[in-house]
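File shown: target-v7.tsv. Contents: TSV, C-alpha atoms.
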```tsv
chain	number	residue	atom	x	y	z
J	1	MET	CA	8.10	22.08	11.83
J	2	THR	CA	10.00	22.66	15.02
J	3	SER	CA	10.19	19.68	17.35
J	4	PRO	CA	10.06	19.42	21.16
J	5	CYS	CA	13.06	17.08	21.01
J	6	ARG	CA	15.87	16.23	18.60
J	7	ASP	CA	15.94	17.81	15.15
J	8	ASN	CA	13.15	19.66	13.34
J	9	PHE	CA	10.52	17.65	11.46
J	10	ARG	CA	11.26	17.61	7.72
J	11	ILE	CA	9.86	15.64	4.80
J	12	LYS	CA	12.41	14.97	2.05
J	13	GLY	CA	11.47	14.53	-1.60
J	14	PHE	CA	13.53	13.75	-4.70
J	15	ARG	CA	12.70	15.37	-8.05
J	16	PHE	CA	13.66	13.96	-11.43
J	17	GLY	CA	13.18	15.39	-14.89
J	18	GLU	CA	11.65	18.77	-15.57
J	19	GLY	CA	8.48	20.38	-16.84
J	20	GLU	CA	4.91	19.39	-16.07
J	21	LYS	CA	4.03	17.61	-12.80
J	22	THR	CA	3.67	14.11	-14.17
J	23	LEU	CA	4.08	11.45	-11.47
J	24	ALA	CA	4.31	11.61	-7.68
J	25	ILE	CA	5.26	8.51	-5.67
J	26	VAL	CA	4.68	8.45	-1.90
J	27	GLY	CA	6.23	5.87	0.40
J	28	ALA	CA	5.86	5.36	4.13
J	29	MET	CA	2.97	7.32	5.64
J	30	ARG	CA	3.16	5.29	8.84
J	31	GLY	CA	6.02	4.36	11.10
J	32	ASP	CA	5.96	0.60	10.40
J	33	GLU	CA	5.90	0.82	6.59
J	34	VAL	CA	9.51	-0.30	6.17
J	35	GLN	CA	8.86	-2.20	2.93
J	36	GLN	CA	7.27	0.90	1.42
J	37	GLN	CA	10.17	3.15	2.35
J	38	TYR	CA	12.69	0.61	1.09
J	39	ILE	CA	10.95	0.43	-2.29
J	40	CYS	CA	11.06	4.22	-2.60
J	41	SER	CA	14.77	4.25	-1.75
J	42	GLN	CA	15.37	1.81	-4.60
J	43	LEU	CA	13.25	3.93	-6.94
J	44	VAL	CA	15.37	6.99	-6.07
J	45	SER	CA	18.54	5.03	-6.80
J	46	ARG	CA	17.31	3.72	-10.17
J	47	LEU	CA	15.78	7.03	-11.25
J	48	THR	CA	19.06	8.82	-10.46
J	49	THR	CA	20.88	6.50	-12.85
J	50	MET	CA	18.12	6.73	-15.43
J	51	GLU	CA	18.15	10.54	-15.38
J	52	GLN	CA	21.93	10.56	-15.85
J	53	ARG	CA	21.46	8.35	-18.92
J	54	GLY	CA	18.76	10.62	-20.36
J	55	GLY	CA	15.97	8.14	-19.81
J	56	ILE	CA	13.31	10.55	-18.50
J	57	VAL	CA	11.20	11.97	-21.33
J	58	LYS	CA	11.67	15.70	-21.90
J	59	GLY	CA	8.99	17.83	-20.27
J	60	ARG	CA	8.03	15.14	-17.73
J	61	SER	CA	8.87	15.30	-14.03
J	62	ILE	CA	8.76	12.78	-11.18
J	63	LEU	CA	8.64	13.37	-7.42
J	64	VAL	CA	9.48	10.59	-4.93
J	65	ILE	CA	8.79	11.05	-1.19
J	66	PRO	CA	10.23	7.99	0.62
J	67	SER	CA	8.75	8.84	4.05
J	68	CYS	CA	6.07	11.26	5.23
J	69	ASN	CA	6.46	10.30	8.89
J	70	PRO	CA	10.13	9.92	9.86
J	71	PHE	CA	9.43	10.63	13.56
J	72	SER	CA	7.17	7.57	13.89
J	73	MET	CA	9.58	5.50	11.80
J	74	ASN	CA	12.40	6.40	14.19
J	75	VAL	CA	10.50	4.93	17.15
J	76	SER	CA	8.86	2.05	15.22
J	77	HIS	CA	5.34	3.30	16.00
J	78	ARG	CA	2.69	2.91	13.28
J	79	PHE	CA	0.86	6.18	13.95
J	80	TRP	CA	1.95	9.67	14.98
J	81	SER	CA	3.80	9.00	18.21
J	82	MET	CA	2.53	12.02	20.16
J	83	ASP	CA	-1.23	11.38	19.90
J	84	ASN	CA	-1.59	8.09	17.93
J	85	THR	CA	-3.36	9.72	14.96
J	86	ASP	CA	-2.95	8.48	11.40
J	87	VAL	CA	-1.52	10.92	8.84
J	88	ASN	CA	-3.20	8.97	6.04
J	89	ARG	CA	-6.62	9.67	7.58
J	90	MET	CA	-6.13	13.46	7.57
J	91	PHE	CA	-6.30	14.47	3.89
J	92	PRO	CA	-6.62	16.95	2.29
J	93	GLY	CA	-5.38	18.37	5.60
J	94	TYR	CA	-5.79	21.67	7.44
J	95	ASP	CA	-2.78	23.96	7.81
J	96	LYS	CA	-4.07	25.48	11.07
J	97	GLY	CA	-5.25	22.20	12.65
J	98	GLU	CA	-3.69	19.45	14.73
J	99	THR	CA	-0.16	18.29	13.92
J	100	THR	CA	-1.10	15.43	11.60
J	101	GLN	CA	-3.64	17.68	9.82
J	102	ARG	CA	-0.88	20.21	9.17
J	103	ILE	CA	1.47	17.49	7.93
J	104	ALA	CA	-1.23	16.22	5.55
J	105	ALA	CA	-1.92	19.76	4.31
J	106	ALA	CA	1.77	20.34	3.55
J	107	ILE	CA	2.05	16.99	1.74
J	108	PHE	CA	-1.13	17.53	-0.26
J	109	SER	CA	-0.22	21.05	-1.35
J	110	THR	CA	2.96	19.58	-2.85
J	111	LEU	CA	1.25	16.56	-4.44
J	112	ASN	CA	-1.73	18.42	-5.86
J	113	GLY	CA	-1.62	18.91	-9.62
J	114	PHE	CA	0.29	15.77	-10.63
J	115	GLU	CA	-1.19	13.79	-13.52
J	116	TYR	CA	-0.50	10.44	-11.84
J	117	GLY	CA	-0.07	9.53	-8.17
J	118	ILE	CA	1.20	6.28	-6.63
J	119	GLN	CA	1.04	5.55	-2.90
J	120	LEU	CA	2.90	2.56	-1.46
J	121	ALA	CA	0.21	1.70	1.06
J	122	SER	CA	-0.38	-0.81	3.87
J	123	TYR	CA	-3.56	-2.47	5.14
J	124	TYR	CA	-5.22	-1.77	8.49
J	125	VAL	CA	-5.21	-5.51	9.31
J	126	PRO	CA	-1.72	-7.01	9.83
J	127	GLY	CA	-0.85	-9.51	7.14
J	128	ASP	CA	0.60	-10.26	3.71
J	129	PHE	CA	-0.91	-9.63	0.28
J	130	VAL	CA	-0.42	-10.78	-3.25
J	131	PRO	CA	1.13	-7.56	-4.66
J	132	HIS	CA	-1.59	-5.59	-6.42
J	133	VAL	CA	-2.99	-2.19	-7.42
J	134	ARG	CA	-5.92	-0.92	-5.38
J	135	MET	CA	-8.34	1.92	-6.14
J	136	LEU	CA	-11.29	3.50	-4.39
J	137	LYS	CA	-14.53	3.73	-6.37
J	138	THR	CA	-14.94	7.50	-6.54
J	139	GLY	CA	-16.27	7.76	-10.08
J	140	TYR	CA	-12.81	8.95	-11.14
J	141	GLU	CA	-10.93	5.65	-10.83
J	142	ASP	CA	-8.94	4.65	-13.93
J	143	VAL	CA	-8.90	0.87	-14.28
J	144	GLU	CA	-7.26	0.84	-17.70
J	145	THR	CA	-4.23	2.80	-16.50
J	146	ALA	CA	-4.07	0.56	-13.42
J	147	ARG	CA	-3.67	-2.42	-15.74
J	148	LEU	CA	-0.55	-0.81	-17.24
J	149	PHE	CA	1.37	-1.74	-14.08
J	150	GLY	CA	1.10	-5.37	-15.21
J	151	MET	CA	0.50	-6.64	-11.67
J	152	ARG	CA	-1.41	-9.83	-11.01
J	153	TYR	CA	-4.51	-8.08	-9.62
J	154	VAL	CA	-6.24	-4.73	-9.86
J	155	THR	CA	-8.85	-4.30	-7.11
J	156	THR	CA	-11.56	-1.73	-6.57
J	157	TYR	CA	-13.69	-1.14	-3.51
J	158	GLN	CA	-16.54	1.05	-2.36
J	159	PRO	CA	-15.24	3.73	0.03
J	160	ARG	CA	-16.65	3.90	3.53
J	161	PRO	CA	-17.26	7.30	5.18
J	162	PHE	CA	-13.87	7.36	6.91
J	163	ASP	CA	-12.10	6.54	3.61
J	164	THR	CA	-12.89	10.05	2.36
J	165	THR	CA	-9.88	11.33	4.33
J	166	LEU	CA	-7.36	9.07	2.56
J	167	LEU	CA	-4.71	10.43	0.21
J	168	ASN	CA	-5.93	8.20	-2.63
J	169	TYR	CA	-9.52	9.44	-2.34
J	170	ASN	CA	-8.58	13.13	-2.27
J	171	TRP	CA	-6.02	12.77	-5.05
J	172	GLN	CA	-8.78	11.40	-7.29
J	173	LEU	CA	-11.18	14.24	-6.40
J	174	TRP	CA	-8.47	16.77	-7.29
J	175	ASN	CA	-8.03	15.22	-10.77
J	176	THR	CA	-4.97	13.02	-10.19
J	177	LYS	CA	-5.10	9.45	-11.48
J	178	ALA	CA	-4.29	7.83	-8.14
J	179	PHE	CA	-3.26	4.26	-7.40
J	180	SER	CA	-2.39	2.49	-4.15
J	181	LEU	CA	0.19	-0.28	-4.55
J	182	TYR	CA	0.29	-3.05	-1.95
J	183	ALA	CA	3.76	-4.56	-1.99
J	184	GLY	CA	3.12	-7.81	-0.14
J	185	LYS	CA	4.63	-6.90	3.25
J	186	THR	CA	4.68	-3.93	5.63
J	187	ASN	CA	7.09	-4.08	8.57
J	188	GLN	CA	9.67	-6.38	7.00
J	189	ILE	CA	11.64	-6.40	3.76
J	190	ASP	CA	10.70	-8.97	1.12
J	191	VAL	CA	13.17	-8.60	-1.74
J	192	ASN	CA	11.03	-10.60	-4.19
J	193	THR	CA	7.85	-8.56	-3.77
J	194	CYS	CA	9.92	-5.36	-3.63
J	195	GLY	CA	11.40	-6.22	-7.01
J	196	GLU	CA	7.98	-7.08	-8.43
J	197	THR	CA	6.55	-3.75	-7.26
J	198	ILE	CA	9.50	-1.69	-8.54
J	199	ASP	CA	9.27	-3.40	-11.93
J	200	ALA	CA	5.54	-2.62	-12.04
J	201	ILE	CA	6.13	1.09	-11.37
J	202	PHE	CA	8.81	1.36	-14.08
J	203	ARG	CA	6.58	-0.62	-16.45
J	204	MET	CA	3.76	1.88	-15.88
J	205	MET	CA	6.16	4.81	-16.42
J	206	LYS	CA	7.35	3.31	-19.73
J	207	ARG	CA	3.81	2.62	-20.95
J	208	THR	CA	2.60	6.14	-20.10
J	209	GLY	CA	5.54	7.88	-21.78
J	210	ILE	CA	7.30	9.13	-18.64
J	211	ILE	CA	10.53	7.22	-19.27
J	212	SER	CA	11.94	6.29	-22.64
J	213	PHE	CA	13.72	2.97	-22.18
J	214	GLY	CA	14.09	-0.12	-20.05
J	215	THR	CA	12.55	-3.58	-19.72
J	216	HIS	CA	11.01	-4.28	-16.38
J	217	GLY	CA	10.18	-7.92	-15.75
J	218	ALA	CA	7.39	-10.14	-16.98
J	219	ALA	CA	3.95	-8.53	-16.86
J	220	TYR	CA	0.61	-10.11	-15.99
J	221	GLU	CA	-2.66	-9.56	-17.78
J	222	SER	CA	-4.17	-8.04	-14.66
J	223	ILE	CA	-7.31	-9.60	-13.20
J	224	VAL	CA	-9.73	-6.83	-12.17
J	225	ILE	CA	-11.82	-7.71	-9.10
J	226	ASP	CA	-14.18	-5.94	-6.74
J	227	GLU	CA	-12.96	-6.55	-3.20
J	228	ALA	CA	-16.54	-7.28	-2.14
J	229	SER	CA	-16.24	-10.54	-4.11
J	230	LEU	CA	-13.34	-11.84	-2.01
J	231	GLN	CA	-14.22	-14.57	0.47
J	232	HIS	CA	-13.33	-13.65	4.08
J	233	ILE	CA	-12.28	-16.39	6.51
J	234	LYS	CA	-12.21	-15.47	10.21
J	235	ALA	CA	-10.97	-17.10	13.40
J	236	ARG	CA	-13.61	-18.96	15.43
J	237	HIS	CA	-11.40	-18.86	18.55
J	238	ALA	CA	-8.63	-16.70	20.01
J	239	GLY	CA	-5.21	-18.29	20.40
J	240	ILE	CA	-1.77	-18.84	18.89
J	241	TYR	CA	-1.96	-18.66	15.12
J	242	CYS	CA	0.05	-21.05	12.93
J	243	ARG	CA	-0.33	-20.29	9.22
J	244	LEU	CA	0.04	-23.23	6.83
J	245	VAL	CA	-0.22	-21.52	3.40
J	246	GLU	CA	1.34	-18.48	1.76
J	247	THR	CA	-0.23	-15.70	-0.25
J	248	GLY	CA	-0.59	-16.63	-3.90
J	249	SER	CA	-1.16	-20.31	-3.04
J	250	ARG	CA	-3.95	-22.18	-4.78
J	251	VAL	CA	-6.21	-23.92	-2.24
J	252	THR	CA	-9.01	-26.46	-2.50
J	253	PRO	CA	-12.17	-27.05	-0.42
J	254	GLY	CA	-11.38	-28.69	2.92
J	255	GLU	CA	-7.66	-27.83	2.79
J	256	SER	CA	-6.23	-26.63	6.11
J	257	LEU	CA	-5.06	-23.02	5.89
J	258	ALA	CA	-4.04	-22.44	9.52
J	259	HIS	CA	-4.37	-23.75	13.05
J	260	VAL	CA	-5.43	-21.67	16.04
J	261	ILE	CA	-3.91	-23.34	19.11
J	262	ASP	CA	-4.79	-23.12	22.79
J	263	PRO	CA	-1.83	-21.25	24.36
J	264	TYR	CA	-2.00	-23.35	27.56
J	265	ASN	CA	-2.52	-26.95	26.51
J	266	GLY	CA	-1.56	-26.96	22.80
J	267	GLN	CA	-4.87	-28.31	21.54
J	268	ILE	CA	-6.08	-27.16	18.14
J	269	LEU	CA	-9.07	-24.91	18.81
J	270	ASN	CA	-9.73	-24.04	15.16
J	271	ASP	CA	-8.56	-25.95	12.11
J	272	VAL	CA	-9.12	-23.17	9.58
J	273	LYS	CA	-10.18	-24.70	6.26
J	274	ALA	CA	-10.87	-23.42	2.78
J	275	THR	CA	-14.51	-23.70	1.78
J	276	ALA	CA	-13.97	-23.19	-1.96
J	277	GLU	CA	-11.22	-23.46	-4.55
J	278	GLY	CA	-9.29	-20.25	-5.02
J	279	THR	CA	-6.13	-18.19	-4.53
J	280	VAL	CA	-4.96	-16.84	-1.17
J	281	PHE	CA	-5.09	-13.08	-1.75
J	282	PHE	CA	-4.43	-11.97	1.86
J	283	ALA	CA	-3.16	-13.85	4.92
J	284	HIS	CA	-2.92	-12.64	8.53
J	285	HIS	CA	0.61	-12.98	9.91
J	286	ARG	CA	0.75	-12.06	13.60
J	287	PRO	CA	1.34	-15.00	15.98
J	288	VAL	CA	-1.68	-14.33	18.22
J	289	VAL	CA	-5.23	-13.78	16.98
J	290	PHE	CA	-8.53	-12.81	18.57
J	291	GLN	CA	-11.88	-14.44	17.97
J	292	ASN	CA	-13.44	-13.21	14.70
J	293	ALA	CA	-10.13	-11.75	13.49
J	294	LEU	CA	-9.77	-11.73	9.70
J	295	LEU	CA	-7.33	-14.50	8.76
J	296	PHE	CA	-7.62	-14.87	4.98
J	297	LYS	CA	-9.13	-13.33	1.89
J	298	ILE	CA	-9.61	-15.83	-0.93
J	299	HIS	CA	-10.15	-15.01	-4.59
J	300	THR	CA	-12.46	-17.80	-5.70
J	301	GLN	CA	-12.95	-17.06	-9.40
```
In structure tokens, how does this file's structure come out?
Amino acid sequence: MTSPCRDNFRIKGFRFGEGEKTLAIVGAMRGDEVQQQYICSQLVSRLTTMEQRGGIVKGRSILVIPSCNPFSMNVSHRFWSMDNTDVNRMFPGYDKGETTQRIAAAIFSTLNGFEYGIQLASYYVPGDFVPHVRMLKTGYEDVETARLFGMRYVTTYQPRPFDTTLLNYNWQLWNTKAFSLYAGKTNQIDVNTCGETIDAIFRMMKRTGIISFGTHGAAYESIVIDEASLQHIKARHAGIYCRLVETGSRVTPGESLAHVIDPYNGQILNDVKATAEGTVFFAHHRPVVFQNALLFKIHTQ
């Protein structure tokens, strides 16, 4: 598209292999998804080498789109900078609609028809995750293929009405086996979780016959959970948030997970404690929180 300032708006993709549309991988949909774009850049680098070595199975093709929203990335703004709309809430798109609807339509017309689809996604609440595969319950979700990534968790959740405009949801309805990968962080680079996520993607490609060689890290026997079963812990007070545990930590009842501190006198307003034994699946990470903000999700089984 033409742009009112600077260069025209373009979305760049990298194709590997040839033949049937096998796997599409989508990175940053939002302007703060730096981890997601970084992972895609590393995938492009490794796939380039793999293709040169003949490692992509004949008749199989891969498309990698590192960023769908370079304008917002350039100004470090999560949503479309002109009107604050979210590209990932505009699918399958409308090619005569608003700007983000037209962007979504162009992306989806390119992605439609792939056998498998992977989106490097981020959560609407700021925080860190245990890296995992996430799927909407559409009736078309494929849990067994999701387990081929060998990540620690595979989660499913019941879509809400506004989730019907997500890429993952529409991919599934148009017969693509779609998976959202949450790579631990969003607006900062974590080399360890990046490596874990990249290994998982290559592991899935090897197990589904897209690539022909390579060993890609130690795999988990994935635990499949419904997100409704996760225990939510919220802030009782607003204040400065000091987190005491990391994602993946095992916690016990009564253990302090975080302190919410009065910003004026330094008193602890809320000693956030675990109420059951479990694993920290998600942890809020911004330094200031509001009352009733989601701080932790705990897997208690």
May I ask for the distance between CA of Met205 (chain J) and CA of Arg30 (chain J), given in Å to one decimal place? 25.4 Å
I'd like the contact shell of Pro70 (chain J) - 9 Å cut-off, only C-alpha atoms, skipping same-chain residues fewer than 6 positions apart - returned as a short mmCIF file (atom, residue, chain, number, x, y, z; two decimals) with C-alpha atoms, in the frame of the given file.
```cif
data_model
loop_
_atom_site.label_atom_id
_atom_site.label_comp_id
_atom_site.auth_asym_id
_atom_site.auth_seq_id
_atom_site.Cartn_x
_atom_site.Cartn_y
_atom_site.Cartn_z
CA PHE J 9 10.52 17.65 11.46
CA ARG J 10 11.26 17.61 7.72
CA ILE J 11 9.86 15.64 4.80
CA ALA J 28 5.86 5.36 4.13
CA MET J 29 2.97 7.32 5.64
CA ARG J 30 3.16 5.29 8.84
CA GLY J 31 6.02 4.36 11.10
#
```
Looking at J:Lys234, J:Lys185, J:Lys177, J:Arg147, which one is nearest to Tyr38 (chain J), with distances taken over only C-alpha atoms? J:Lys185
Between CA of Phe213 (chain J) and CA of Gln119 (chain J), measure the distance and give it in Å to one decimal. 23.2 Å
What's around region 270-277 of chain J at 7 Å? Count all atoms listed in the file, leave out sequence neighbours fewer than 5 positions away in its own chain, and write the answer as a PyMOL selection string. chain J and resi 236-237+251-260+300
For Asn170 (chain J), the nearest of the candidates J:Cys40, J:Ile25, J:Val34, J:Ala104, counting only C-alpha atoms: J:Ala104
So which residues touch Gly54 (chain J) within 12 Å, counting all atoms listed in the file, skipping near sequence neighbours fewer than 4 positions away, as a ChimeraX atom specification? /J:16-18,47-50,58,60,210-214
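The coordinates place CA of Pro131 (chain J) at 23.1 Å from CA of Asp86 (chain J).
Closest approach to Arg134 (chain J) from the set J:Ser222, J:Gln42, J:Asn69, J:Thr164 is made by J:Ser222, with distances taken over only C-alpha atoms.
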Final N, CA, C and O atoms of region 231-253 of chain J as a short mmCIF file (atom, residue, chain, number, x, y, z; two decimals), in the coordinates of the input:
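Below is the file part.cif, written as the result:
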```
data_model
loop_
_atom_site.label_atom_id
_atom_site.label_comp_id
_atom_site.auth_asym_id
_atom_site.auth_seq_id
_atom_site.Cartn_x
_atom_site.Cartn_y
_atom_site.Cartn_z
N GLN J 231 -13.68 -13.81 -0.66
CA GLN J 231 -14.22 -14.57 0.47
C GLN J 231 -13.37 -14.31 1.72
O GLN J 231 -12.15 -14.46 1.69
N HIS J 232 -14.02 -13.92 2.81
CA HIS J 232 -13.33 -13.65 4.08
C HIS J 232 -13.43 -14.89 4.98
O HIS J 232 -14.51 -15.45 5.16
N ILE J 233 -12.31 -15.28 5.56
CA ILE J 233 -12.28 -16.39 6.51
C ILE J 233 -11.76 -15.84 7.83
O ILE J 233 -10.67 -15.26 7.89
N LYS J 234 -12.54 -16.04 8.91
CA LYS J 234 -12.21 -15.47 10.21
C LYS J 234 -11.93 -16.57 11.23
O LYS J 234 -12.31 -17.72 11.04
N ALA J 235 -11.29 -16.16 12.32
CA ALA J 235 -10.97 -17.10 13.40
C ALA J 235 -12.21 -17.36 14.26
O ALA J 235 -12.89 -16.41 14.66
N ARG J 236 -12.48 -18.62 14.55
CA ARG J 236 -13.61 -18.96 15.43
C ARG J 236 -13.20 -18.85 16.90
O ARG J 236 -14.06 -18.73 17.77
N HIS J 237 -11.90 -18.93 17.18
CA HIS J 237 -11.40 -18.86 18.55
C HIS J 237 -10.18 -17.95 18.60
O HIS J 237 -9.49 -17.75 17.60
N ALA J 238 -9.89 -17.41 19.77
CA ALA J 238 -8.63 -16.70 20.01
C ALA J 238 -7.56 -17.72 20.35
O ALA J 238 -7.84 -18.80 20.87
N GLY J 239 -6.30 -17.39 20.04
CA GLY J 239 -5.21 -18.29 20.40
C GLY J 239 -3.96 -18.00 19.60
O GLY J 239 -3.83 -16.96 18.95
N ILE J 240 -3.01 -18.94 19.66
CA ILE J 240 -1.77 -18.84 18.89
C ILE J 240 -2.06 -19.29 17.47
O ILE J 240 -2.66 -20.34 17.24
N TYR J 241 -1.61 -18.48 16.53
CA TYR J 241 -1.96 -18.66 15.12
C TYR J 241 -0.77 -19.25 14.36
O TYR J 241 0.32 -18.67 14.36
N CYS J 242 -0.98 -20.40 13.73
CA CYS J 242 0.05 -21.05 12.93
C CYS J 242 -0.44 -21.17 11.49
O CYS J 242 -1.32 -21.99 11.18
N ARG J 243 0.11 -20.33 10.62
CA ARG J 243 -0.33 -20.29 9.22
C ARG J 243 0.33 -21.42 8.44
O ARG J 243 1.52 -21.68 8.60
N LEU J 244 -0.45 -22.07 7.57
CA LEU J 244 0.04 -23.23 6.83
C LEU J 244 0.21 -22.95 5.34
O LEU J 244 0.81 -23.77 4.63
N VAL J 245 -0.32 -21.84 4.83
CA VAL J 245 -0.22 -21.52 3.40
C VAL J 245 0.28 -20.09 3.24
O VAL J 245 0.16 -19.26 4.14
N GLU J 246 0.83 -19.80 2.07
CA GLU J 246 1.34 -18.48 1.76
C GLU J 246 0.41 -17.77 0.78
O GLU J 246 -0.41 -18.40 0.10
N THR J 247 0.54 -16.45 0.73
CA THR J 247 -0.23 -15.70 -0.25
C THR J 247 0.17 -16.15 -1.66
O THR J 247 1.32 -16.50 -1.92
N GLY J 248 -0.81 -16.15 -2.54
CA GLY J 248 -0.59 -16.63 -3.90
C GLY J 248 -0.81 -18.11 -4.07
O GLY J 248 -0.86 -18.61 -5.20
N SER J 249 -0.95 -18.86 -2.96
CA SER J 249 -1.16 -20.31 -3.04
C SER J 249 -2.56 -20.61 -3.56
O SER J 249 -3.54 -19.92 -3.24
N ARG J 250 -2.65 -21.69 -4.33
CA ARG J 250 -3.95 -22.18 -4.78
C ARG J 250 -4.44 -23.19 -3.76
O ARG J 250 -3.71 -24.12 -3.38
N VAL J 251 -5.67 -23.03 -3.27
CA VAL J 251 -6.21 -23.92 -2.24
C VAL J 251 -7.50 -24.57 -2.74
O VAL J 251 -8.17 -24.06 -3.65
N THR J 252 -7.83 -25.69 -2.12
CA THR J 252 -9.01 -26.46 -2.50
C THR J 252 -9.95 -26.61 -1.31
O THR J 252 -9.53 -26.49 -0.15
N PRO J 253 -11.23 -26.91 -1.53
CA PRO J 253 -12.17 -27.05 -0.42
C PRO J 253 -11.72 -28.12 0.57
O PRO J 253 -11.29 -29.21 0.19
#
```
